[in-house]
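In what follows, a single structure is set out as structure tokens and then discussed.
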There are 2 protein chains.
Amino acid sequence: MVNILLHLSYDGTNYSGFQIQENAPTVQEAVERALRIIYKQPVRITGAGRTDAGVHALGQTASFKAPFNIEKEKLPSAINTLLPPDIVVTGAEVVNNHFHARYDARRKIYSYSIDRAPYPQVLKRLYCWHLPDRLDLEVMSKAAALFEGNHDFKLFQVSGSGVMDTKRSLFKVKLENRIEEQLLIITFEGSGFLYRMVRLITGSLVRAGLGKLSLTAINEAIKGNDPSAAGPTAPAAGLCLGKIFYH
Amino acid sequence: MVNILLHLSYDGTNYSGFQIQENAPTVQEAVERALRIIYKQPVRITGAGRTDAGVHALGQTASFKAPFNIEKEKLPSAINTLLPPDIVVTGAEVVNNHFHARYDARRKIYSYSIDRAPYPQVLKRLYCWHLPDRLDLEVMSKAAALFEGNHDFKLFQVSGSGVMDTKRSLFKVKLENRIEEQLLIITFEGSGFLYRMVRLITGSLVRAGLGKLSLTAINEAIKGNDPSAAGPTAPAAGLCLGKIFYH
């Protein structure tokens, strides 16, 4: 058995998320179907980030125990020919047998894209939240800074995800205003993320930018005191898992 | 009757082109269906550029005689609510009654996008030609310059389009290598374009970049002497109608 780490990108539009489930198309299912053809036996993969329905990924990773070795230079193309065009393997590497794609991840980057054009930019519509309203970016940047650091993000998750420890470290929450492209990109870099955490924080940031939420209220939400300041959940289409870092 | 000029953008992936035809979805049909609901009678639009199946547009224009006036600030949103999300009206203006969207166009810009990443960039796959092979951009730039100016582009069209005069002016053919995005964008600016002209020129440029076509052969094709140096037709997905200029 060889432990393989795949680097995966996908357009999440037509998937019910990464993780396999019954009666719904998932990225995991599509990749496992391709691997089963290559290795002529069932292969189970473990993804690093369980992206939700409609969420995209450029730097997802997933590991699996390969029954036999295939040159890592040839493996991505071999898998890609068996995958639908909205999932693309961009790399493969051999990792040690104890490596676990999720537990060994040390840092993750997500990005959230907001289309600020008056009318939706049609070629970006599947990858953005269209929000033509005036946004106070200065206020949003200040709000973003409040989220940086070690916090108990229990109000910035969808309950019922079963996670006990809701403390996470956010190393960076940065806004990038790409004026020419009429895009606002919010980048989140952290040790790990709770279920829907990025989209709930984005929802709070946008409400602050619209002048509908004060920095004080956001601070109270971060302290765990004011649930009304958390969210709403920003649309899935704007979210993209950018990169997973290991040691 | 009011003569209205619409500014249109669309993702051409799911359309058999701009121009209406039987038993196939077209952009014109979708827009006319929306206008019919708004004006409560059939409305015929005239597009400036008849983009082909799978070709996109950010700056298409189309004019029509409106039975009655609707504020031009409100018209785009009114139409957009009736359009599928892959077609977006981005503006409307009142033009004089003799204005013709196609005949009055003086200059058009098309762009062709090539994805040079080793594996397809999944979120750009619908808007690019994926071409991971090594390209000699210097040779391609020299080849591009050969196309600039007034030429008889009879070899750079698909025959049977019924056009008699095949002379056109190409003001600019420019390559832009966006290294970070791993994209090569070729921009074509001209007085007008023959059927499939941009995609055939792109095909020749790429062959030159791959070292499979000499500048001399391209020159002979531009002179009308060497049909074997024209094309092949580059894939539709990479092409986008950027802008139409009037007086």
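All residue names refer to the structure tokens as shown: chains lettered A, B, ... in order, residues numbered from 1 in each chain, ligands numbered from 1 in order.
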Inset, instruction - Fewer than 2 positions away in the same chain doesn't count, so skip those; otherwise give me all residues within 12 Å of B:Lys223, counting only C-alpha atoms, as a ChimeraX atom specification. - result: /B:146-147,150-156,167,216-221,225-227,229-230
Output N, CA and C atoms for every residue in the selection just made, as an mmCIF file, in the first residue's frame.
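Result saved to part-v1.cif:
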```cif
data_model
loop_
_atom_site.group_PDB
_atom_site.id
_atom_site.type_symbol
_atom_site.label_atom_id
_atom_site.label_comp_id
_atom_site.auth_asym_id
_atom_site.auth_seq_id
_atom_site.Cartn_x
_atom_site.Cartn_y
_atom_site.Cartn_z
ATOM 1 N N LEU B 146 1.877 40.551 -38.120
ATOM 2 C CA LEU B 146 1.651 40.381 -39.565
ATOM 3 C C LEU B 146 0.184 40.592 -39.940
ATOM 4 N N PHE B 147 -0.716 40.292 -39.002
ATOM 5 C CA PHE B 147 -2.154 40.391 -39.296
ATOM 6 C C PHE B 147 -2.673 41.824 -39.216
ATOM 7 N N ASN B 150 -4.575 46.518 -43.268
ATOM 8 C CA ASN B 150 -5.671 46.182 -44.191
ATOM 9 C C ASN B 150 -5.291 44.964 -45.011
ATOM 10 N N HIS B 151 -6.098 43.936 -44.889
ATOM 11 C CA HIS B 151 -5.816 42.722 -45.648
ATOM 12 C C HIS B 151 -7.105 42.129 -46.187
ATOM 13 N N ASP B 152 -6.933 41.307 -47.205
ATOM 14 C CA ASP B 152 -8.057 40.498 -47.661
ATOM 15 C C ASP B 152 -7.972 39.180 -46.891
ATOM 16 N N PHE B 153 -8.889 39.019 -45.932
ATOM 17 C CA PHE B 153 -8.811 37.866 -45.027
ATOM 18 C C PHE B 153 -9.594 36.660 -45.545
ATOM 19 N N LYS B 154 -9.657 36.524 -46.874
ATOM 20 C CA LYS B 154 -10.514 35.476 -47.439
ATOM 21 C C LYS B 154 -10.157 34.064 -46.966
ATOM 22 N N LEU B 155 -8.883 33.838 -46.616
ATOM 23 C CA LEU B 155 -8.514 32.499 -46.127
ATOM 24 C C LEU B 155 -8.804 32.337 -44.632
ATOM 25 N N PHE B 156 -9.112 33.465 -43.964
ATOM 26 C CA PHE B 156 -9.384 33.405 -42.523
ATOM 27 C C PHE B 156 -10.870 33.579 -42.231
ATOM 28 N N LYS B 167 -12.271 42.030 -47.339
ATOM 29 C CA LYS B 167 -11.215 42.934 -46.840
ATOM 30 C C LYS B 167 -11.643 43.508 -45.497
ATOM 31 N N THR B 216 6.747 33.074 -42.624
ATOM 32 C CA THR B 216 6.627 33.187 -44.085
ATOM 33 C C THR B 216 5.329 32.547 -44.566
ATOM 34 N N ALA B 217 5.020 31.383 -44.015
ATOM 35 C CA ALA B 217 3.782 30.698 -44.419
ATOM 36 C C ALA B 217 2.564 31.524 -44.017
ATOM 37 N N ILE B 218 2.612 32.106 -42.817
ATOM 38 C CA ILE B 218 1.490 32.942 -42.368
ATOM 39 C C ILE B 218 1.323 34.133 -43.306
ATOM 40 N N ASN B 219 2.445 34.735 -43.665
ATOM 41 C CA ASN B 219 2.390 35.865 -44.596
ATOM 42 C C ASN B 219 1.739 35.474 -45.913
ATOM 43 N N GLU B 220 2.044 34.296 -46.391
ATOM 44 C CA GLU B 220 1.438 33.825 -47.641
ATOM 45 C C GLU B 220 -0.067 33.626 -47.473
ATOM 46 N N ALA B 221 -0.459 33.163 -46.291
ATOM 47 C CA ALA B 221 -1.899 32.992 -46.039
ATOM 48 C C ALA B 221 -2.604 34.345 -46.004
ATOM 49 N N ASN B 225 -2.449 33.324 -50.475
ATOM 50 C CA ASN B 225 -1.797 32.308 -51.314
ATOM 51 C C ASN B 225 -1.725 30.910 -50.710
ATOM 52 N N ASP B 226 -1.748 30.807 -49.366
ATOM 53 C CA ASP B 226 -1.462 29.503 -48.753
ATOM 54 C C ASP B 226 -2.538 29.109 -47.740
ATOM 55 N N PRO B 227 -3.579 28.459 -48.211
ATOM 56 C CA PRO B 227 -4.681 28.085 -47.303
ATOM 57 C C PRO B 227 -4.226 27.180 -46.174
ATOM 58 N N ALA B 229 -1.895 27.434 -44.221
ATOM 59 C CA ALA B 229 -1.353 28.162 -43.067
ATOM 60 C C ALA B 229 -2.439 28.862 -42.262
ATOM 61 N N ALA B 230 -3.668 28.760 -42.701
ATOM 62 C CA ALA B 230 -4.771 29.417 -41.986
ATOM 63 C C ALA B 230 -5.476 28.424 -41.076
#
```
Nearby residues (only C-alpha atoms) at most 6 Å from A:Ala237, same-chain spacing under 2 positions excluded, as a compact mmCIF listing (two decimals) with C-alpha atoms, in the first residue's frame:
```
# COMPACT_ATOMS: atom_id res chain seq x y z
CA GLY A 54 -21.81 24.92 -4.12
CA VAL A 55 -18.42 25.81 -2.60
CA LEU A 126 -20.89 31.15 -10.46
CA TYR A 127 -17.92 32.21 -8.34
CA CYS A 128 -19.12 35.38 -6.60
CA PRO A 235 -24.00 32.47 -0.46
CA LEU A 239 -16.49 30.73 -1.30
```
Legend entry - Nearest-residue call for B:Gly59, choices B:Tyr10, B:Tyr195, B:Tyr39, B:Tyr15, using only C-alpha atoms: B:Tyr10
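The gap separating atom CA of A:Pro118 from atom CA of A:Asp136 is 16.1 Å, in Å to one decimal.
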Inset, instruction - Could you pull out the residues in stretch 102-142 of chain B that DSSP calls strand (DSSP E or B) from the backbone, as a ChimeraX atom specification? - result: /B:107-115,129-130
Legend entry - chain B residues near chain A (10 Å cut-off, only C-alpha atoms) as JSON, numbers by chain: {"B": [8, 9, 10, 11, 12, 56, 57, 58, 76, 77, 80, 85, 86, 87, 88, 89, 90, 91, 117, 118, 119, 120, 121, 122, 123, 124, 125, 126, 127]}
Expected file contents, prior selection, N, CA and C atoms, as a compact mmCIF listing (two decimals), in the first residue's frame:
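part.txt, freshly written:
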```
# COMPACT_ATOMS: atom_id res chain seq x y z
N LEU B 8 -25.17 44.15 -23.69
CA LEU B 8 -25.46 42.78 -23.27
C LEU B 8 -24.18 42.03 -22.92
N SER B 9 -24.26 41.19 -21.91
CA SER B 9 -23.15 40.26 -21.64
C SER B 9 -23.75 38.86 -21.51
N TYR B 10 -23.01 37.86 -21.92
CA TYR B 10 -23.54 36.50 -21.75
C TYR B 10 -22.43 35.46 -21.71
N ASP B 11 -22.76 34.38 -21.04
CA ASP B 11 -21.94 33.18 -21.03
C ASP B 11 -22.50 32.30 -22.15
N GLY B 12 -21.72 32.14 -23.22
CA GLY B 12 -22.24 31.46 -24.41
C GLY B 12 -22.26 29.93 -24.32
N HIS B 56 -18.57 33.77 -25.91
CA HIS B 56 -19.08 34.64 -24.86
C HIS B 56 -19.08 36.11 -25.30
N ALA B 57 -19.74 36.94 -24.51
CA ALA B 57 -19.71 38.37 -24.78
C ALA B 57 -19.77 39.15 -23.47
N LEU B 58 -18.94 40.18 -23.39
CA LEU B 58 -19.05 41.12 -22.26
C LEU B 58 -19.65 42.43 -22.76
N PRO B 76 -32.66 47.86 -17.85
CA PRO B 76 -31.81 46.67 -17.67
C PRO B 76 -32.31 45.72 -16.58
N SER B 77 -32.63 46.25 -15.42
CA SER B 77 -33.09 45.38 -14.33
C SER B 77 -34.41 44.70 -14.69
N ASN B 80 -33.46 41.92 -16.97
CA ASN B 80 -32.67 40.89 -16.28
C ASN B 80 -33.51 39.96 -15.42
N PRO B 85 -29.83 33.45 -15.76
CA PRO B 85 -28.67 34.14 -15.16
C PRO B 85 -27.43 34.18 -16.04
N ASP B 86 -27.40 33.43 -17.15
CA ASP B 86 -26.21 33.48 -18.01
C ASP B 86 -26.30 34.56 -19.09
N ILE B 87 -27.35 35.38 -19.05
CA ILE B 87 -27.44 36.56 -19.92
C ILE B 87 -27.76 37.75 -19.02
N VAL B 88 -26.97 38.81 -19.13
CA VAL B 88 -27.17 39.99 -18.29
C VAL B 88 -27.12 41.26 -19.13
N VAL B 89 -28.19 42.05 -19.08
CA VAL B 89 -28.19 43.37 -19.71
C VAL B 89 -27.48 44.33 -18.76
N THR B 90 -26.47 45.04 -19.27
CA THR B 90 -25.67 45.92 -18.39
C THR B 90 -25.94 47.40 -18.65
N GLY B 91 -26.79 47.70 -19.62
CA GLY B 91 -27.09 49.10 -19.87
C GLY B 91 -28.09 49.24 -21.01
N ALA B 117 -1.84 26.70 -17.85
CA ALA B 117 -1.48 25.89 -16.70
C ALA B 117 -1.29 24.43 -17.12
N PRO B 118 -0.46 23.69 -16.37
CA PRO B 118 -0.22 22.27 -16.71
C PRO B 118 -1.53 21.47 -16.76
N TYR B 119 -2.43 21.72 -15.79
CA TYR B 119 -3.75 21.10 -15.80
C TYR B 119 -4.78 22.21 -15.92
N PRO B 120 -5.96 21.94 -16.49
CA PRO B 120 -6.92 23.04 -16.69
C PRO B 120 -7.24 23.77 -15.39
N GLN B 121 -7.30 25.09 -15.43
CA GLN B 121 -7.75 25.88 -14.28
C GLN B 121 -9.27 25.75 -14.25
N VAL B 122 -9.76 25.04 -13.25
CA VAL B 122 -11.12 24.52 -13.32
C VAL B 122 -12.18 25.64 -13.36
N LEU B 123 -11.93 26.76 -12.68
CA LEU B 123 -12.92 27.83 -12.66
C LEU B 123 -12.86 28.68 -13.93
N LYS B 124 -11.86 28.42 -14.77
CA LYS B 124 -11.75 29.17 -16.03
C LYS B 124 -12.00 28.27 -17.23
N ARG B 125 -12.35 27.00 -16.97
CA ARG B 125 -12.40 26.03 -18.06
C ARG B 125 -13.44 26.38 -19.13
N LEU B 126 -14.50 27.09 -18.75
CA LEU B 126 -15.55 27.41 -19.72
C LEU B 126 -15.20 28.63 -20.56
N TYR B 127 -14.09 29.31 -20.20
CA TYR B 127 -13.78 30.59 -20.83
C TYR B 127 -12.38 30.63 -21.43
```
Inset, instruction - Would you kindly return, as a list in words, each protein, DNA or RNA residue with an atom no farther than 7 Å from any atom of B:Ser16, considering only C-alpha atoms and excluding same-chain residues fewer than 4 positions away? - result: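 What passes the distance filter is Ala24, Pro25, Thr26, Asp52, Ala53 and Gly54 of chain B.
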Inset, instruction - Work out how far atom CA of A:Leu205 is from atom CA of A:Pro232, in Å to one decimal. - result: 9.8 Å
Inset, instruction - Could you give me, as a PyMOL selection string, the residues within 7 Å of A:Gln19, counting only C-alpha atoms and dropping anything in the same chain fewer than 2 positions from it? - result: chain A and resi 17+21+26-28+50
Take the residues that were just selected and, keeping C-alpha atoms, output them as a PDB file, in the first residue's frame.
```pdb
ATOM      1  CA  GLY A  17     -20.331  19.335  -1.384  1.00  0.00           C
ATOM      2  CA  GLN A  21     -23.592  11.173   0.767  1.00  0.00           C
ATOM      3  CA  THR A  26     -20.361  14.780  -4.458  1.00  0.00           C
ATOM      4  CA  VAL A  27     -16.751  15.441  -5.354  1.00  0.00           C
ATOM      5  CA  GLN A  28     -15.558  12.548  -3.217  1.00  0.00           C
ATOM      6  CA  ARG A  50     -15.252  19.182   3.799  1.00  0.00           C
TER       7      ARG A  50
END
```
Apply DSSP to the structure's backbone, then extract all residues of stretch 166-225 of chain A labelled helix (DSSP H, G or I) and return them as an mmCIF file with N, CA and C atoms, in the first residue's frame.
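Dumped everything to selection.cif:
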```cif
data_model
loop_
_atom_site.group_PDB
_atom_site.id
_atom_site.type_symbol
_atom_site.label_atom_id
_atom_site.label_comp_id
_atom_site.auth_asym_id
_atom_site.auth_seq_id
_atom_site.Cartn_x
_atom_site.Cartn_y
_atom_site.Cartn_z
ATOM 1 N N MET A 197 -18.260 28.613 9.012
ATOM 2 C CA MET A 197 -17.632 29.740 9.718
ATOM 3 C C MET A 197 -17.281 30.903 8.773
ATOM 4 N N VAL A 198 -16.630 30.596 7.653
ATOM 5 C CA VAL A 198 -16.213 31.676 6.740
ATOM 6 C C VAL A 198 -17.420 32.422 6.193
ATOM 7 N N ARG A 199 -18.462 31.679 5.848
ATOM 8 C CA ARG A 199 -19.637 32.348 5.276
ATOM 9 C C ARG A 199 -20.391 33.159 6.332
ATOM 10 N N LEU A 200 -20.377 32.722 7.580
ATOM 11 C CA LEU A 200 -21.028 33.496 8.636
ATOM 12 C C LEU A 200 -20.231 34.758 8.964
ATOM 13 N N ILE A 201 -18.901 34.642 9.016
ATOM 14 C CA ILE A 201 -18.089 35.840 9.253
ATOM 15 C C ILE A 201 -18.285 36.823 8.094
ATOM 16 N N THR A 202 -18.272 36.297 6.859
ATOM 17 C CA THR A 202 -18.491 37.165 5.696
ATOM 18 C C THR A 202 -19.829 37.896 5.803
ATOM 19 N N GLY A 203 -20.841 37.178 6.245
ATOM 20 C CA GLY A 203 -22.153 37.804 6.424
ATOM 21 C C GLY A 203 -22.096 38.960 7.418
ATOM 22 N N SER A 204 -21.380 38.778 8.513
ATOM 23 C CA SER A 204 -21.237 39.857 9.499
ATOM 24 C C SER A 204 -20.443 41.027 8.923
ATOM 25 N N LEU A 205 -19.370 40.712 8.186
ATOM 26 C CA LEU A 205 -18.552 41.779 7.596
ATOM 27 C C LEU A 205 -19.381 42.619 6.626
ATOM 28 N N VAL A 206 -20.192 41.945 5.812
ATOM 29 C CA VAL A 206 -21.014 42.667 4.839
ATOM 30 C C VAL A 206 -22.055 43.533 5.546
ATOM 31 N N ARG A 207 -22.661 42.997 6.591
ATOM 32 C CA ARG A 207 -23.636 43.811 7.336
ATOM 33 C C ARG A 207 -22.968 45.046 7.933
ATOM 34 N N ALA A 208 -21.740 44.870 8.417
ATOM 35 C CA ALA A 208 -20.995 46.034 8.922
ATOM 36 C C ALA A 208 -20.743 47.025 7.783
ATOM 37 N N GLY A 209 -20.353 46.511 6.615
ATOM 38 C CA GLY A 209 -20.060 47.365 5.465
ATOM 39 C C GLY A 209 -21.286 48.108 4.965
ATOM 40 N N LEU A 215 -19.259 47.720 15.045
ATOM 41 C CA LEU A 215 -18.069 46.962 15.442
ATOM 42 C C LEU A 215 -18.233 46.427 16.870
ATOM 43 N N THR A 216 -18.910 47.197 17.703
ATOM 44 C CA THR A 216 -19.151 46.744 19.081
ATOM 45 C C THR A 216 -19.981 45.466 19.089
ATOM 46 N N ALA A 217 -21.026 45.441 18.277
ATOM 47 C CA ALA A 217 -21.875 44.248 18.220
ATOM 48 C C ALA A 217 -21.080 43.046 17.714
ATOM 49 N N ILE A 218 -20.232 43.262 16.713
ATOM 50 C CA ILE A 218 -19.407 42.165 16.194
ATOM 51 C C ILE A 218 -18.482 41.655 17.292
ATOM 52 N N ASN A 219 -17.893 42.570 18.011
ATOM 53 C CA ASN A 219 -17.020 42.172 19.114
ATOM 54 C C ASN A 219 -17.751 41.303 20.145
ATOM 55 N N GLU A 220 -18.987 41.675 20.423
ATOM 56 C CA GLU A 220 -19.793 40.886 21.370
ATOM 57 C C GLU A 220 -20.070 39.493 20.813
ATOM 58 N N ALA A 221 -20.269 39.411 19.507
ATOM 59 C CA ALA A 221 -20.496 38.094 18.888
ATOM 60 C C ALA A 221 -19.242 37.240 18.979
ATOM 61 N N ILE A 222 -18.087 37.879 18.758
ATOM 62 C CA ILE A 222 -16.820 37.146 18.833
ATOM 63 C C ILE A 222 -16.575 36.662 20.271
#
```
Inset, instruction - Please indicate the distance in Å from atom CA of B:Lys243 to atom CA of B:Ile179, rounded to one decimal place. - result: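 Here the two named atoms are 24.4 Å from each other.
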Inset, instruction - Quick one: everything within 10 Å of A:Lys108, counting only C-alpha atoms, minus sequence neighbours fewer than 3 positions away in the same chain. Send it as a list in words. - result: Ala48, Gly49, Gly59, Gln60, Ala105, Leu170, Phe171, Phe188, Glu189, Gly190, Ser191, Gly192, Phe193, Leu241, Gly242, Lys243, Ile244, Phe245 and Tyr246 of chain A
Got a sec: who's within 10 Å of B:Ala78, counting only C-alpha atoms, leaving out chain neighbours fewer than 4 positions off, as a PDB file with N, CA and C atoms, in the first residue's frame?
```
ATOM      1  N   ALA B  34     -37.939  37.879 -23.275  1.00  0.00           N
ATOM      2  CA  ALA B  34     -38.064  38.805 -22.145  1.00  0.00           C
ATOM      3  C   ALA B  34     -38.735  40.107 -22.588  1.00  0.00           C
ATOM      4  N   LEU B  35     -38.307  40.639 -23.735  1.00  0.00           N
ATOM      5  CA  LEU B  35     -38.862  41.911 -24.216  1.00  0.00           C
ATOM      6  C   LEU B  35     -40.341  41.778 -24.552  1.00  0.00           C
ATOM      7  N   ILE B  38     -42.259  42.203 -21.432  1.00  0.00           N
ATOM      8  CA  ILE B  38     -42.264  43.598 -20.965  1.00  0.00           C
ATOM      9  C   ILE B  38     -43.181  44.472 -21.820  1.00  0.00           C
ATOM     10  N   ILE B  70     -39.529  53.268 -21.716  1.00  0.00           N
ATOM     11  CA  ILE B  70     -39.296  52.869 -20.322  1.00  0.00           C
ATOM     12  C   ILE B  70     -37.996  53.548 -19.923  1.00  0.00           C
ATOM     13  N   GLU B  73     -32.801  53.879 -17.089  1.00  0.00           N
ATOM     14  CA  GLU B  73     -32.174  53.425 -15.837  1.00  0.00           C
ATOM     15  C   GLU B  73     -32.872  52.174 -15.300  1.00  0.00           C
ATOM     16  N   LYS B  74     -34.147  52.026 -15.643  1.00  0.00           N
ATOM     17  CA  LYS B  74     -34.898  50.897 -15.091  1.00  0.00           C
ATOM     18  C   LYS B  74     -34.959  49.692 -16.030  1.00  0.00           C
ATOM     19  N   LEU B  82     -36.203  38.810 -16.136  1.00  0.00           N
ATOM     20  CA  LEU B  82     -36.873  37.857 -17.028  1.00  0.00           C
ATOM     21  C   LEU B  82     -35.884  36.995 -17.815  1.00  0.00           C
ATOM     22  N   LEU B  83     -34.604  37.251 -17.633  1.00  0.00           N
ATOM     23  CA  LEU B  83     -33.582  36.499 -18.373  1.00  0.00           C
ATOM     24  C   LEU B  83     -32.989  35.393 -17.494  1.00  0.00           C
ATOM     25  N   VAL B  89     -28.194  42.053 -19.077  1.00  0.00           N
ATOM     26  CA  VAL B  89     -28.188  43.366 -19.707  1.00  0.00           C
ATOM     27  C   VAL B  89     -27.483  44.328 -18.763  1.00  0.00           C
TER      28      VAL B  89
END
```
Inset, instruction - Find the spatial neighbours of B:Arg44, counting only C-alpha atoms, within a cut-off of 10 Å - ignore same-chain residues fewer than 2 positions away - and output them as a PyMOL selection string. - result: chain B and resi 28-29+31-33+35-36+41-42+46-47+62-66
Given the selection you just returned, output its residues as a file containing N, CA and C atoms, formatted as a PDB file, in the first residue's frame.
```pdb
ATOM      1  N   GLN B  28     -30.405  35.661 -28.704  1.00  0.00           N
ATOM      2  CA  GLN B  28     -31.432  36.546 -29.268  1.00  0.00           C
ATOM      3  C   GLN B  28     -32.835  36.103 -28.850  1.00  0.00           C
ATOM      4  N   GLU B  29     -33.085  34.820 -28.945  1.00  0.00           N
ATOM      5  CA  GLU B  29     -34.398  34.283 -28.583  1.00  0.00           C
ATOM      6  C   GLU B  29     -34.724  34.581 -27.110  1.00  0.00           C
ATOM      7  N   VAL B  31     -33.536  36.969 -25.185  1.00  0.00           N
ATOM      8  CA  VAL B  31     -33.757  38.402 -24.968  1.00  0.00           C
ATOM      9  C   VAL B  31     -35.112  38.813 -25.546  1.00  0.00           C
ATOM     10  N   GLU B  32     -35.433  38.313 -26.738  1.00  0.00           N
ATOM     11  CA  GLU B  32     -36.718  38.686 -27.346  1.00  0.00           C
ATOM     12  C   GLU B  32     -37.896  38.161 -26.531  1.00  0.00           C
ATOM     13  N   ARG B  33     -37.710  37.003 -25.908  1.00  0.00           N
ATOM     14  CA  ARG B  33     -38.770  36.449 -25.067  1.00  0.00           C
ATOM     15  C   ARG B  33     -39.014  37.380 -23.869  1.00  0.00           C
ATOM     16  N   LEU B  35     -38.307  40.639 -23.735  1.00  0.00           N
ATOM     17  CA  LEU B  35     -38.862  41.911 -24.216  1.00  0.00           C
ATOM     18  C   LEU B  35     -40.341  41.778 -24.552  1.00  0.00           C
ATOM     19  N   ARG B  36     -40.704  40.610 -25.060  1.00  0.00           N
ATOM     20  CA  ARG B  36     -42.108  40.373 -25.410  1.00  0.00           C
ATOM     21  C   ARG B  36     -42.999  40.458 -24.165  1.00  0.00           C
ATOM     22  N   GLN B  41     -45.895  42.542 -26.674  1.00  0.00           N
ATOM     23  CA  GLN B  41     -45.995  42.303 -28.108  1.00  0.00           C
ATOM     24  C   GLN B  41     -44.626  41.843 -28.612  1.00  0.00           C
ATOM     25  N   PRO B  42     -44.590  41.175 -29.778  1.00  0.00           N
ATOM     26  CA  PRO B  42     -43.294  40.687 -30.284  1.00  0.00           C
ATOM     27  C   PRO B  42     -42.346  41.845 -30.570  1.00  0.00           C
ATOM     28  N   THR B  46     -31.702  43.517 -33.105  1.00  0.00           N
ATOM     29  CA  THR B  46     -30.619  43.368 -34.070  1.00  0.00           C
ATOM     30  C   THR B  46     -29.302  43.446 -33.319  1.00  0.00           C
ATOM     31  N   GLY B  47     -28.550  42.367 -33.322  1.00  0.00           N
ATOM     32  CA  GLY B  47     -27.278  42.343 -32.605  1.00  0.00           C
ATOM     33  C   GLY B  47     -26.157  42.905 -33.456  1.00  0.00           C
ATOM     34  N   ALA B  62     -27.218  45.397 -28.948  1.00  0.00           N
ATOM     35  CA  ALA B  62     -28.359  45.014 -29.783  1.00  0.00           C
ATOM     36  C   ALA B  62     -29.392  46.138 -29.706  1.00  0.00           C
ATOM     37  N   SER B  63     -29.966  46.466 -30.840  1.00  0.00           N
ATOM     38  CA  SER B  63     -30.960  47.547 -30.849  1.00  0.00           C
ATOM     39  C   SER B  63     -32.336  46.991 -31.192  1.00  0.00           C
ATOM     40  N   PHE B  64     -33.357  47.721 -30.766  1.00  0.00           N
ATOM     41  CA  PHE B  64     -34.727  47.329 -31.102  1.00  0.00           C
ATOM     42  C   PHE B  64     -35.641  48.545 -31.003  1.00  0.00           C
ATOM     43  N   LYS B  65     -36.746  48.472 -31.730  1.00  0.00           N
ATOM     44  CA  LYS B  65     -37.734  49.547 -31.692  1.00  0.00           C
ATOM     45  C   LYS B  65     -38.720  49.223 -30.577  1.00  0.00           C
ATOM     46  N   ALA B  66     -38.674  50.022 -29.537  1.00  0.00           N
ATOM     47  CA  ALA B  66     -39.572  49.790 -28.400  1.00  0.00           C
ATOM     48  C   ALA B  66     -40.929  50.438 -28.670  1.00  0.00           C
TER      49      ALA B  66
END
```
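The closest residue to A:Leu75, picked from A:His7, A:Lys212, A:Arg178, A:Arg196 and counting only C-alpha atoms, is A:His7.
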Inset, instruction - Rank B:Ile114, B:Ile45, B:Val2, B:Ala236 by their smallest atom-to-atom distance to B:Gln182, using only C-alpha atoms, and report the top residue only. - result: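 Answer, going by the shortest atom-to-atom distance: B:Ile114.
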